[in-house]
Amino acid sequence: SAATWQFSPNSMPRSGTMVGNSAVELCQTGFRVLNNSGGGMDMIYAKSVENHPITSDEIFEQILNRIIQLRLEPGQLISENQMSAEYGVSRSVIRTAFTRLKQLGFIEIYPQRGTYVSLMDLSHIADLLTLRTAVEKEVLYEIFADLGEAERRQMVERLEKNLQEQEKYRDEADYFGRFPDLDADFHKIMIDSVGRSAMMRMLDSLMRHLSRWRNFDVAFDNRVPQLIEEHKKIVAAIREGNIQKAQECMGEHLETITAIADRATAKYPTYFKNG
């Protein structure tokens, strides 16, 4: 899941100011950003809890997290001057961060035109989902092939405990509360049970594009309750010892584009790459 991004004290927006196309409104938990362009979602910016010098790596991670969490919107124009002013660092530091973001495919740099947050590419996301599904189905196969009954039962107990926690957050309307951590832990329990965590780390940079899609997807259709029910079906199939059903449930759980693609691109056309 995406990490919570915090403004440094020098870059904290004030109520009534603008962030991109969005008006900032002070609220109890920090700053709610209200999009005025008709193409964004409400977000919360947490208040900074520390005042410490910010490193170039931290700046890169913070800008990346703002993109992943849609706080910097797909297609939004950003600049070295803007970011250097926000973070209180030189343009060369921001340029280094931009280069890394471009290499990961999260920004596009056009000479003489500017730097833009990359659009979401549903074709690319579909490919990544296929890869993720293949990996998680293999994990399920190894759970049945390599774990003994007692080990599998212990894993199921951990999954069920995780599901109990998920239920407490069923009413979260987006993917920025406590539920994302529990969602990530749910999958990690299975992955770790067969020693495949290193393989997943190899895919980290690619999967960050899925994280941005998930942040959009869950909020767009208020899908937290649906995700919990899908998790329950996966656990039930494992408990029953039905590998085929478990893999089918996992495939259905991870295939998140078909149901909303047309509606999403119609409502937020500026967020998505054409073709």
# chains A, B, ... in the order shown; residues from 1 in each chain; ligands from 1

$ residues_around --residues "stretch 68-83 of chain A" --least-positions-apart "5" --cutoff "6 Å" --atoms "only C-alpha atoms" --output "list in words"
Arg91, Ile94, Thr115, Tyr116, Val117, Ser118, Leu119, Arg212 and Tyr271 of chain A

$ residues_around --residues "A:Thr133" --least-positions-apart "6" --cutoff "8 Å" --atoms "only C-alpha atoms" --output "PDB file with N, CA, C and O atoms, in the first residue's frame"
ATOM      1  N   MET A 250      -8.700 -15.663  -6.381  1.00  0.00           N
ATOM      2  CA  MET A 250      -7.603 -14.691  -6.427  1.00  0.00           C
ATOM      3  C   MET A 250      -7.618 -13.946  -7.762  1.00  0.00           C
ATOM      4  O   MET A 250      -7.428 -12.724  -7.806  1.00  0.00           O
ATOM      5  N   GLY A 251      -7.847 -14.666  -8.855  1.00  0.00           N
ATOM      6  CA  GLY A 251      -7.910 -14.025 -10.160  1.00  0.00           C
ATOM      7  C   GLY A 251      -9.020 -12.984 -10.231  1.00  0.00           C
ATOM      8  O   GLY A 251      -8.827 -11.874 -10.751  1.00  0.00           O
ATOM      9  N   LEU A 254      -8.090  -9.797  -8.192  1.00  0.00           N
ATOM     10  CA  LEU A 254      -7.057  -8.913  -8.732  1.00  0.00           C
ATOM     11  C   LEU A 254      -7.424  -8.296 -10.077  1.00  0.00           C
ATOM     12  O   LEU A 254      -6.780  -7.336 -10.513  1.00  0.00           O
TER      13      LEU A 254
END

$ residues_around --residues "A:Ile238" --least-positions-apart "6" --cutoff "12 Å" --atoms "only C-alpha atoms" --output "compact mmCIF listing (two decimals) with all heavy atoms, in the first residue's frame"
# COMPACT_ATOMS: atom_id res chain seq x y z
N VAL A 139 1.89 -18.60 -5.73
CA VAL A 139 1.99 -18.65 -4.26
C VAL A 139 0.95 -19.61 -3.70
O VAL A 139 1.25 -20.43 -2.82
CB VAL A 139 1.83 -17.24 -3.66
CG1 VAL A 139 1.56 -17.31 -2.16
CG2 VAL A 139 3.07 -16.40 -3.93
N LEU A 140 -0.27 -19.52 -4.19
CA LEU A 140 -1.32 -20.43 -3.73
C LEU A 140 -0.98 -21.89 -4.05
O LEU A 140 -1.20 -22.78 -3.23
CB LEU A 140 -2.66 -20.05 -4.36
CG LEU A 140 -3.34 -18.80 -3.77
CD1 LEU A 140 -4.50 -18.36 -4.65
CD2 LEU A 140 -3.82 -19.06 -2.35
N TYR A 141 -0.44 -22.12 -5.25
CA TYR A 141 -0.03 -23.48 -5.61
C TYR A 141 1.00 -24.00 -4.61
O TYR A 141 0.90 -25.15 -4.13
CB TYR A 141 0.55 -23.50 -7.02
CG TYR A 141 1.17 -24.84 -7.38
CD1 TYR A 141 0.38 -25.91 -7.78
CD2 TYR A 141 2.55 -25.03 -7.27
CE1 TYR A 141 0.95 -27.15 -8.07
CE2 TYR A 141 3.13 -26.26 -7.56
CZ TYR A 141 2.32 -27.32 -7.96
OH TYR A 141 2.89 -28.54 -8.24
N GLU A 142 1.98 -23.18 -4.27
CA GLU A 142 3.03 -23.60 -3.35
C GLU A 142 2.49 -23.79 -1.93
O GLU A 142 2.99 -24.64 -1.18
CB GLU A 142 4.19 -22.60 -3.38
CG GLU A 142 4.92 -22.60 -4.71
CD GLU A 142 6.09 -21.62 -4.75
OE1 GLU A 142 6.46 -21.09 -3.68
OE2 GLU A 142 6.63 -21.39 -5.85
N ILE A 143 1.48 -23.01 -1.57
CA ILE A 143 0.85 -23.20 -0.25
C ILE A 143 0.28 -24.61 -0.15
O ILE A 143 0.42 -25.28 0.88
CB ILE A 143 -0.25 -22.13 -0.03
CG1 ILE A 143 0.40 -20.78 0.30
CG2 ILE A 143 -1.21 -22.55 1.08
CD1 ILE A 143 -0.58 -19.62 0.32
N PHE A 144 -0.36 -25.07 -1.22
CA PHE A 144 -0.94 -26.41 -1.21
C PHE A 144 0.10 -27.50 -1.42
O PHE A 144 0.00 -28.59 -0.87
CB PHE A 144 -2.04 -26.51 -2.27
CG PHE A 144 -3.34 -25.89 -1.86
CD1 PHE A 144 -3.59 -24.55 -2.12
CD2 PHE A 144 -4.31 -26.64 -1.20
CE1 PHE A 144 -4.79 -23.97 -1.73
CE2 PHE A 144 -5.51 -26.06 -0.82
CZ PHE A 144 -5.75 -24.72 -1.08
N LEU A 147 3.33 -26.67 1.89
CA LEU A 147 3.03 -26.55 3.31
C LEU A 147 2.29 -27.79 3.81
O LEU A 147 1.39 -28.31 3.13
CB LEU A 147 2.17 -25.31 3.59
CG LEU A 147 2.79 -23.94 3.28
CD1 LEU A 147 1.85 -22.83 3.76
CD2 LEU A 147 4.15 -23.78 3.92
N GLU A 149 -0.26 -29.75 6.54
CA GLU A 149 -1.60 -29.36 7.01
C GLU A 149 -1.55 -28.40 8.18
O GLU A 149 -2.30 -27.44 8.25
CB GLU A 149 -2.40 -30.62 7.38
CG GLU A 149 -3.50 -30.93 6.36
CD GLU A 149 -4.38 -32.09 6.83
OE1 GLU A 149 -5.11 -31.91 7.83
OE2 GLU A 149 -4.33 -33.15 6.19
N ARG A 152 -0.43 -24.96 7.05
CA ARG A 152 -1.49 -24.29 6.30
C ARG A 152 -2.61 -23.82 7.25
O ARG A 152 -3.15 -22.74 7.07
CB ARG A 152 -2.05 -25.23 5.22
CG ARG A 152 -2.90 -24.50 4.20
CD ARG A 152 -3.00 -25.25 2.88
NE ARG A 152 -3.71 -26.51 2.99
CZ ARG A 152 -3.19 -27.69 2.71
NH1 ARG A 152 -1.94 -27.79 2.29
NH2 ARG A 152 -3.90 -28.79 2.83
N ARG A 153 -2.91 -24.63 8.25
CA ARG A 153 -3.94 -24.24 9.22
C ARG A 153 -3.51 -23.00 10.00
O ARG A 153 -4.32 -22.09 10.24
CB ARG A 153 -4.21 -25.41 10.17
CG ARG A 153 -5.38 -25.16 11.13
CD ARG A 153 -5.88 -26.44 11.77
NE ARG A 153 -4.78 -27.13 12.48
CZ ARG A 153 -4.25 -28.29 12.08
NH1 ARG A 153 -4.70 -28.88 10.98
NH2 ARG A 153 -3.28 -28.86 12.77
N GLN A 154 -2.22 -22.95 10.39
CA GLN A 154 -1.73 -21.77 11.10
C GLN A 154 -1.80 -20.53 10.22
O GLN A 154 -2.14 -19.43 10.70
CB GLN A 154 -0.28 -22.00 11.55
CG GLN A 154 -0.14 -23.01 12.69
CD GLN A 154 1.31 -23.32 13.00
OE1 GLN A 154 2.23 -22.82 12.34
NE2 GLN A 154 1.54 -24.14 14.03
N MET A 155 -1.49 -20.69 8.93
CA MET A 155 -1.57 -19.56 8.02
C MET A 155 -3.01 -19.08 7.88
O MET A 155 -3.29 -17.87 7.89
CB MET A 155 -1.01 -19.95 6.65
CG MET A 155 -0.92 -18.78 5.68
SD MET A 155 -0.91 -19.31 3.95
CE MET A 155 -2.56 -19.99 3.79
N VAL A 156 -3.95 -20.02 7.77
CA VAL A 156 -5.36 -19.66 7.67
C VAL A 156 -5.82 -18.91 8.91
O VAL A 156 -6.58 -17.93 8.83
CB VAL A 156 -6.24 -20.91 7.43
CG1 VAL A 156 -7.71 -20.59 7.63
CG2 VAL A 156 -6.01 -21.45 6.02
N GLU A 157 -5.35 -19.32 10.07
CA GLU A 157 -5.71 -18.63 11.31
C GLU A 157 -5.22 -17.19 11.30
O GLU A 157 -5.92 -16.28 11.75
CB GLU A 157 -5.13 -19.39 12.52
CG GLU A 157 -5.84 -20.70 12.81
CD GLU A 157 -5.14 -21.53 13.88
OE1 GLU A 157 -4.08 -21.06 14.39
OE2 GLU A 157 -5.63 -22.62 14.21
N LEU A 159 -4.71 -15.42 8.57
CA LEU A 159 -5.55 -14.72 7.60
C LEU A 159 -6.90 -14.35 8.21
O LEU A 159 -7.42 -13.24 7.97
CB LEU A 159 -5.76 -15.59 6.35
CG LEU A 159 -4.54 -15.81 5.45
CD1 LEU A 159 -4.85 -16.85 4.38
CD2 LEU A 159 -4.07 -14.51 4.81
N GLU A 160 -7.48 -15.25 8.97
CA GLU A 160 -8.78 -14.98 9.59
C GLU A 160 -8.68 -13.87 10.63
O GLU A 160 -9.60 -13.04 10.76
CB GLU A 160 -9.33 -16.27 10.21
CG GLU A 160 -9.78 -17.28 9.15
CD GLU A 160 -10.20 -18.61 9.73
OE1 GLU A 160 -9.74 -18.93 10.86
OE2 GLU A 160 -10.98 -19.33 9.06
N MET A 190 0.34 -14.79 2.97
CA MET A 190 0.44 -15.91 2.03
C MET A 190 1.81 -15.95 1.35
O MET A 190 2.43 -17.01 1.24
CB MET A 190 -0.69 -15.83 0.99
CG MET A 190 -2.07 -16.09 1.58
SD MET A 190 -3.39 -16.01 0.33
CE MET A 190 -3.60 -14.23 0.19
N HIS A 231 -11.60 -11.31 -0.13
CA HIS A 231 -10.60 -11.91 0.75
C HIS A 231 -11.19 -13.12 1.48
O HIS A 231 -10.55 -14.17 1.63
CB HIS A 231 -10.11 -10.89 1.78
CG HIS A 231 -9.21 -9.84 1.22
ND1 HIS A 231 -8.92 -8.66 1.89
CD2 HIS A 231 -8.52 -9.78 0.05
CE1 HIS A 231 -8.08 -7.93 1.16
NE2 HIS A 231 -7.84 -8.59 0.04
N LYS A 232 -12.41 -12.99 1.95
CA LYS A 232 -13.07 -14.08 2.67
C LYS A 232 -13.21 -15.32 1.78
O LYS A 232 -13.03 -16.45 2.25
CB LYS A 232 -14.45 -13.64 3.16
CG LYS A 232 -14.41 -12.66 4.33
CD LYS A 232 -15.82 -12.27 4.75
CE LYS A 232 -15.82 -11.34 5.94
NZ LYS A 232 -17.20 -10.93 6.33
N GLN A 244 -8.05 -25.01 -6.86
CA GLN A 244 -8.60 -24.41 -8.07
C GLN A 244 -9.51 -23.24 -7.73
O GLN A 244 -9.43 -22.17 -8.33
CB GLN A 244 -9.37 -25.45 -8.88
CG GLN A 244 -9.93 -24.89 -10.19
CD GLN A 244 -10.63 -25.95 -11.03
OE1 GLN A 244 -10.52 -27.15 -10.75
NE2 GLN A 244 -11.35 -25.52 -12.04
N LYS A 245 -10.35 -23.45 -6.73
CA LYS A 245 -11.27 -22.38 -6.31
C LYS A 245 -10.50 -21.20 -5.73
O LYS A 245 -10.82 -20.04 -6.00
CB LYS A 245 -12.27 -22.92 -5.29
CG LYS A 245 -13.33 -21.91 -4.88
CD LYS A 245 -14.33 -22.54 -3.92
CE LYS A 245 -15.37 -21.53 -3.46
NZ LYS A 245 -16.31 -22.12 -2.47
N ALA A 246 -9.46 -21.49 -4.95
CA ALA A 246 -8.65 -20.42 -4.36
C ALA A 246 -8.00 -19.58 -5.44
O ALA A 246 -7.99 -18.34 -5.37
CB ALA A 246 -7.59 -21.01 -3.44
N GLN A 247 -7.47 -20.23 -6.47
CA GLN A 247 -6.83 -19.50 -7.56
C GLN A 247 -7.85 -18.70 -8.37
O GLN A 247 -7.56 -17.57 -8.80
CB GLN A 247 -6.06 -20.47 -8.46
CG GLN A 247 -4.81 -21.05 -7.80
CD GLN A 247 -4.08 -22.03 -8.69
OE1 GLN A 247 -4.71 -22.80 -9.43
NE2 GLN A 247 -2.76 -22.05 -8.62
N GLU A 248 -9.03 -19.27 -8.58
CA GLU A 248 -10.08 -18.54 -9.29
C GLU A 248 -10.50 -17.30 -8.52
O GLU A 248 -10.68 -16.21 -9.10
CB GLU A 248 -11.29 -19.45 -9.53
CG GLU A 248 -11.06 -20.52 -10.60
CD GLU A 248 -12.23 -21.49 -10.71
OE1 GLU A 248 -13.19 -21.35 -9.91
OE2 GLU A 248 -12.18 -22.37 -11.59
N CYS A 249 -10.65 -17.46 -7.21
CA CYS A 249 -11.04 -16.32 -6.37
C CYS A 249 -9.96 -15.24 -6.38
O CYS A 249 -10.27 -14.04 -6.40
CB CYS A 249 -11.31 -16.78 -4.94
SG CYS A 249 -12.81 -17.78 -4.74
N MET A 250 -8.70 -15.66 -6.38
CA MET A 250 -7.60 -14.69 -6.43
C MET A 250 -7.62 -13.95 -7.76
O MET A 250 -7.43 -12.72 -7.81
CB MET A 250 -6.26 -15.40 -6.25
CG MET A 250 -5.06 -14.45 -6.23
SD MET A 250 -5.06 -13.32 -4.81
CE MET A 250 -4.52 -14.46 -3.51

$ select_by_dssp --residues "stretch 76-201 of chain A" --states "alpha helix (DSSP H)" --output "PyMOL selection string"
chain A and resi 80-87+91-104+122-146+149-167+179-193+197-201

$ residues_around --residues "A:Leu182" --least-positions-apart "6" --cutoff "10 Å" --atoms "only C-alpha atoms" --output "PyMOL selection string"
chain A and resi 1+162-163+165-166+169+188

$ decode --residues "stretch 114-143 of chain A" --atoms "N, CA, C and O atoms" --output "tab-separated table (two decimals), in the first residue's frame"
chain	number	residue	atom	x	y	z
A	114	GLY	N	7.36	21.39	-20.87
A	114	GLY	CA	7.20	21.24	-19.43
A	114	GLY	C	7.20	19.79	-18.99
A	114	GLY	O	7.36	18.86	-19.79
A	115	THR	N	7.00	19.61	-17.68
A	115	THR	CA	6.99	18.29	-17.05
A	115	THR	C	5.59	18.00	-16.54
A	115	THR	O	4.99	18.84	-15.86
A	116	TYR	N	5.10	16.83	-16.88
A	116	TYR	CA	3.72	16.47	-16.52
A	116	TYR	C	3.70	15.12	-15.80
A	116	TYR	O	4.47	14.22	-16.13
A	117	VAL	N	2.79	15.00	-14.84
A	117	VAL	CA	2.55	13.70	-14.22
A	117	VAL	C	2.00	12.77	-15.29
A	117	VAL	O	1.11	13.15	-16.06
A	118	SER	N	2.53	11.57	-15.38
A	118	SER	CA	2.10	10.65	-16.44
A	118	SER	C	0.64	10.26	-16.26
A	118	SER	O	0.13	10.17	-15.13
A	119	LEU	N	-0.02	10.01	-17.38
A	119	LEU	CA	-1.39	9.53	-17.34
A	119	LEU	C	-1.40	8.05	-16.98
A	119	LEU	O	-0.41	7.34	-17.16
A	120	MET	N	-2.51	7.58	-16.47
A	120	MET	CA	-2.64	6.15	-16.20
A	120	MET	C	-2.94	5.43	-17.51
A	120	MET	O	-3.79	5.86	-18.28
A	121	ASP	N	-2.21	4.36	-17.75
A	121	ASP	CA	-2.31	3.58	-18.98
A	121	ASP	C	-2.99	2.25	-18.64
A	121	ASP	O	-2.37	1.37	-18.06
A	122	LEU	N	-4.27	2.12	-18.99
A	122	LEU	CA	-5.02	0.92	-18.61
A	122	LEU	C	-4.45	-0.34	-19.24
A	122	LEU	O	-4.54	-1.43	-18.65
A	123	SER	N	-3.86	-0.22	-20.41
A	123	SER	CA	-3.25	-1.39	-21.04
A	123	SER	C	-2.05	-1.87	-20.23
A	123	SER	O	-1.87	-3.07	-19.99
A	124	HIS	N	-1.23	-0.93	-19.80
A	124	HIS	CA	-0.06	-1.27	-18.98
A	124	HIS	C	-0.51	-1.83	-17.63
A	124	HIS	O	0.06	-2.81	-17.13
A	125	ILE	N	-1.52	-1.21	-17.05
A	125	ILE	CA	-2.04	-1.69	-15.76
A	125	ILE	C	-2.58	-3.11	-15.90
A	125	ILE	O	-2.37	-3.96	-15.02
A	126	ALA	N	-3.26	-3.39	-17.00
A	126	ALA	CA	-3.79	-4.74	-17.23
A	126	ALA	C	-2.66	-5.76	-17.31
A	126	ALA	O	-2.76	-6.87	-16.78
A	127	ASP	N	-1.55	-5.38	-17.96
A	127	ASP	CA	-0.39	-6.28	-18.04
A	127	ASP	C	0.18	-6.54	-16.65
A	127	ASP	O	0.54	-7.68	-16.30
A	128	LEU	N	0.28	-5.48	-15.84
A	128	LEU	CA	0.82	-5.63	-14.49
A	128	LEU	C	-0.10	-6.49	-13.62
A	128	LEU	O	0.37	-7.30	-12.81
A	129	LEU	N	-1.39	-6.33	-13.80
A	129	LEU	CA	-2.34	-7.14	-13.04
A	129	LEU	C	-2.22	-8.62	-13.43
A	129	LEU	O	-2.34	-9.51	-12.58
A	130	THR	N	-1.99	-8.88	-14.71
A	130	THR	CA	-1.78	-10.26	-15.17
A	130	THR	C	-0.54	-10.86	-14.51
A	130	THR	O	-0.55	-12.01	-14.05
A	131	LEU	N	0.53	-10.05	-14.45
A	131	LEU	CA	1.76	-10.51	-13.81
A	131	LEU	C	1.53	-10.76	-12.32
A	131	LEU	O	1.95	-11.81	-11.78
A	132	ARG	N	0.88	-9.82	-11.65
A	132	ARG	CA	0.61	-9.96	-10.22
A	132	ARG	C	-0.26	-11.19	-9.95
A	132	ARG	O	-0.03	-11.95	-9.00
A	133	THR	N	-1.25	-11.41	-10.80
A	133	THR	CA	-2.15	-12.57	-10.63
A	133	THR	C	-1.38	-13.88	-10.79
A	133	THR	O	-1.58	-14.82	-10.03
A	134	ALA	N	-0.50	-13.93	-11.79
A	134	ALA	CA	0.30	-15.14	-12.01
A	134	ALA	C	1.16	-15.46	-10.80
A	134	ALA	O	1.28	-16.62	-10.37
A	135	VAL	N	1.76	-14.42	-10.23
A	135	VAL	CA	2.61	-14.61	-9.04
A	135	VAL	C	1.79	-15.12	-7.86
A	135	VAL	O	2.17	-16.08	-7.17
A	136	GLU	N	0.64	-14.50	-7.64
A	136	GLU	CA	-0.16	-14.88	-6.46
A	136	GLU	C	-0.81	-16.26	-6.64
A	136	GLU	O	-1.01	-16.99	-5.67
A	137	LYS	N	-1.13	-16.63	-7.87
A	137	LYS	CA	-1.64	-17.98	-8.10
A	137	LYS	C	-0.54	-19.02	-7.87
A	137	LYS	O	-0.80	-20.11	-7.34
A	138	GLU	N	0.69	-18.68	-8.24
A	138	GLU	CA	1.82	-19.57	-7.96
A	138	GLU	C	2.04	-19.71	-6.45
A	138	GLU	O	2.32	-20.80	-5.95
A	139	VAL	N	1.89	-18.60	-5.73
A	139	VAL	CA	1.99	-18.65	-4.26
A	139	VAL	C	0.95	-19.61	-3.70
A	139	VAL	O	1.25	-20.43	-2.82
A	140	LEU	N	-0.27	-19.52	-4.19
A	140	LEU	CA	-1.32	-20.43	-3.73
A	140	LEU	C	-0.98	-21.89	-4.05
A	140	LEU	O	-1.20	-22.78	-3.23
A	141	TYR	N	-0.44	-22.12	-5.25
A	141	TYR	CA	-0.03	-23.48	-5.61
A	141	TYR	C	1.00	-24.00	-4.61
A	141	TYR	O	0.90	-25.15	-4.13
A	142	GLU	N	1.98	-23.18	-4.27
A	142	GLU	CA	3.03	-23.60	-3.35
A	142	GLU	C	2.49	-23.79	-1.93
A	142	GLU	O	2.99	-24.64	-1.18
A	143	ILE	N	1.48	-23.01	-1.57
A	143	ILE	CA	0.85	-23.20	-0.25
A	143	ILE	C	0.28	-24.61	-0.15
A	143	ILE	O	0.42	-25.28	0.88
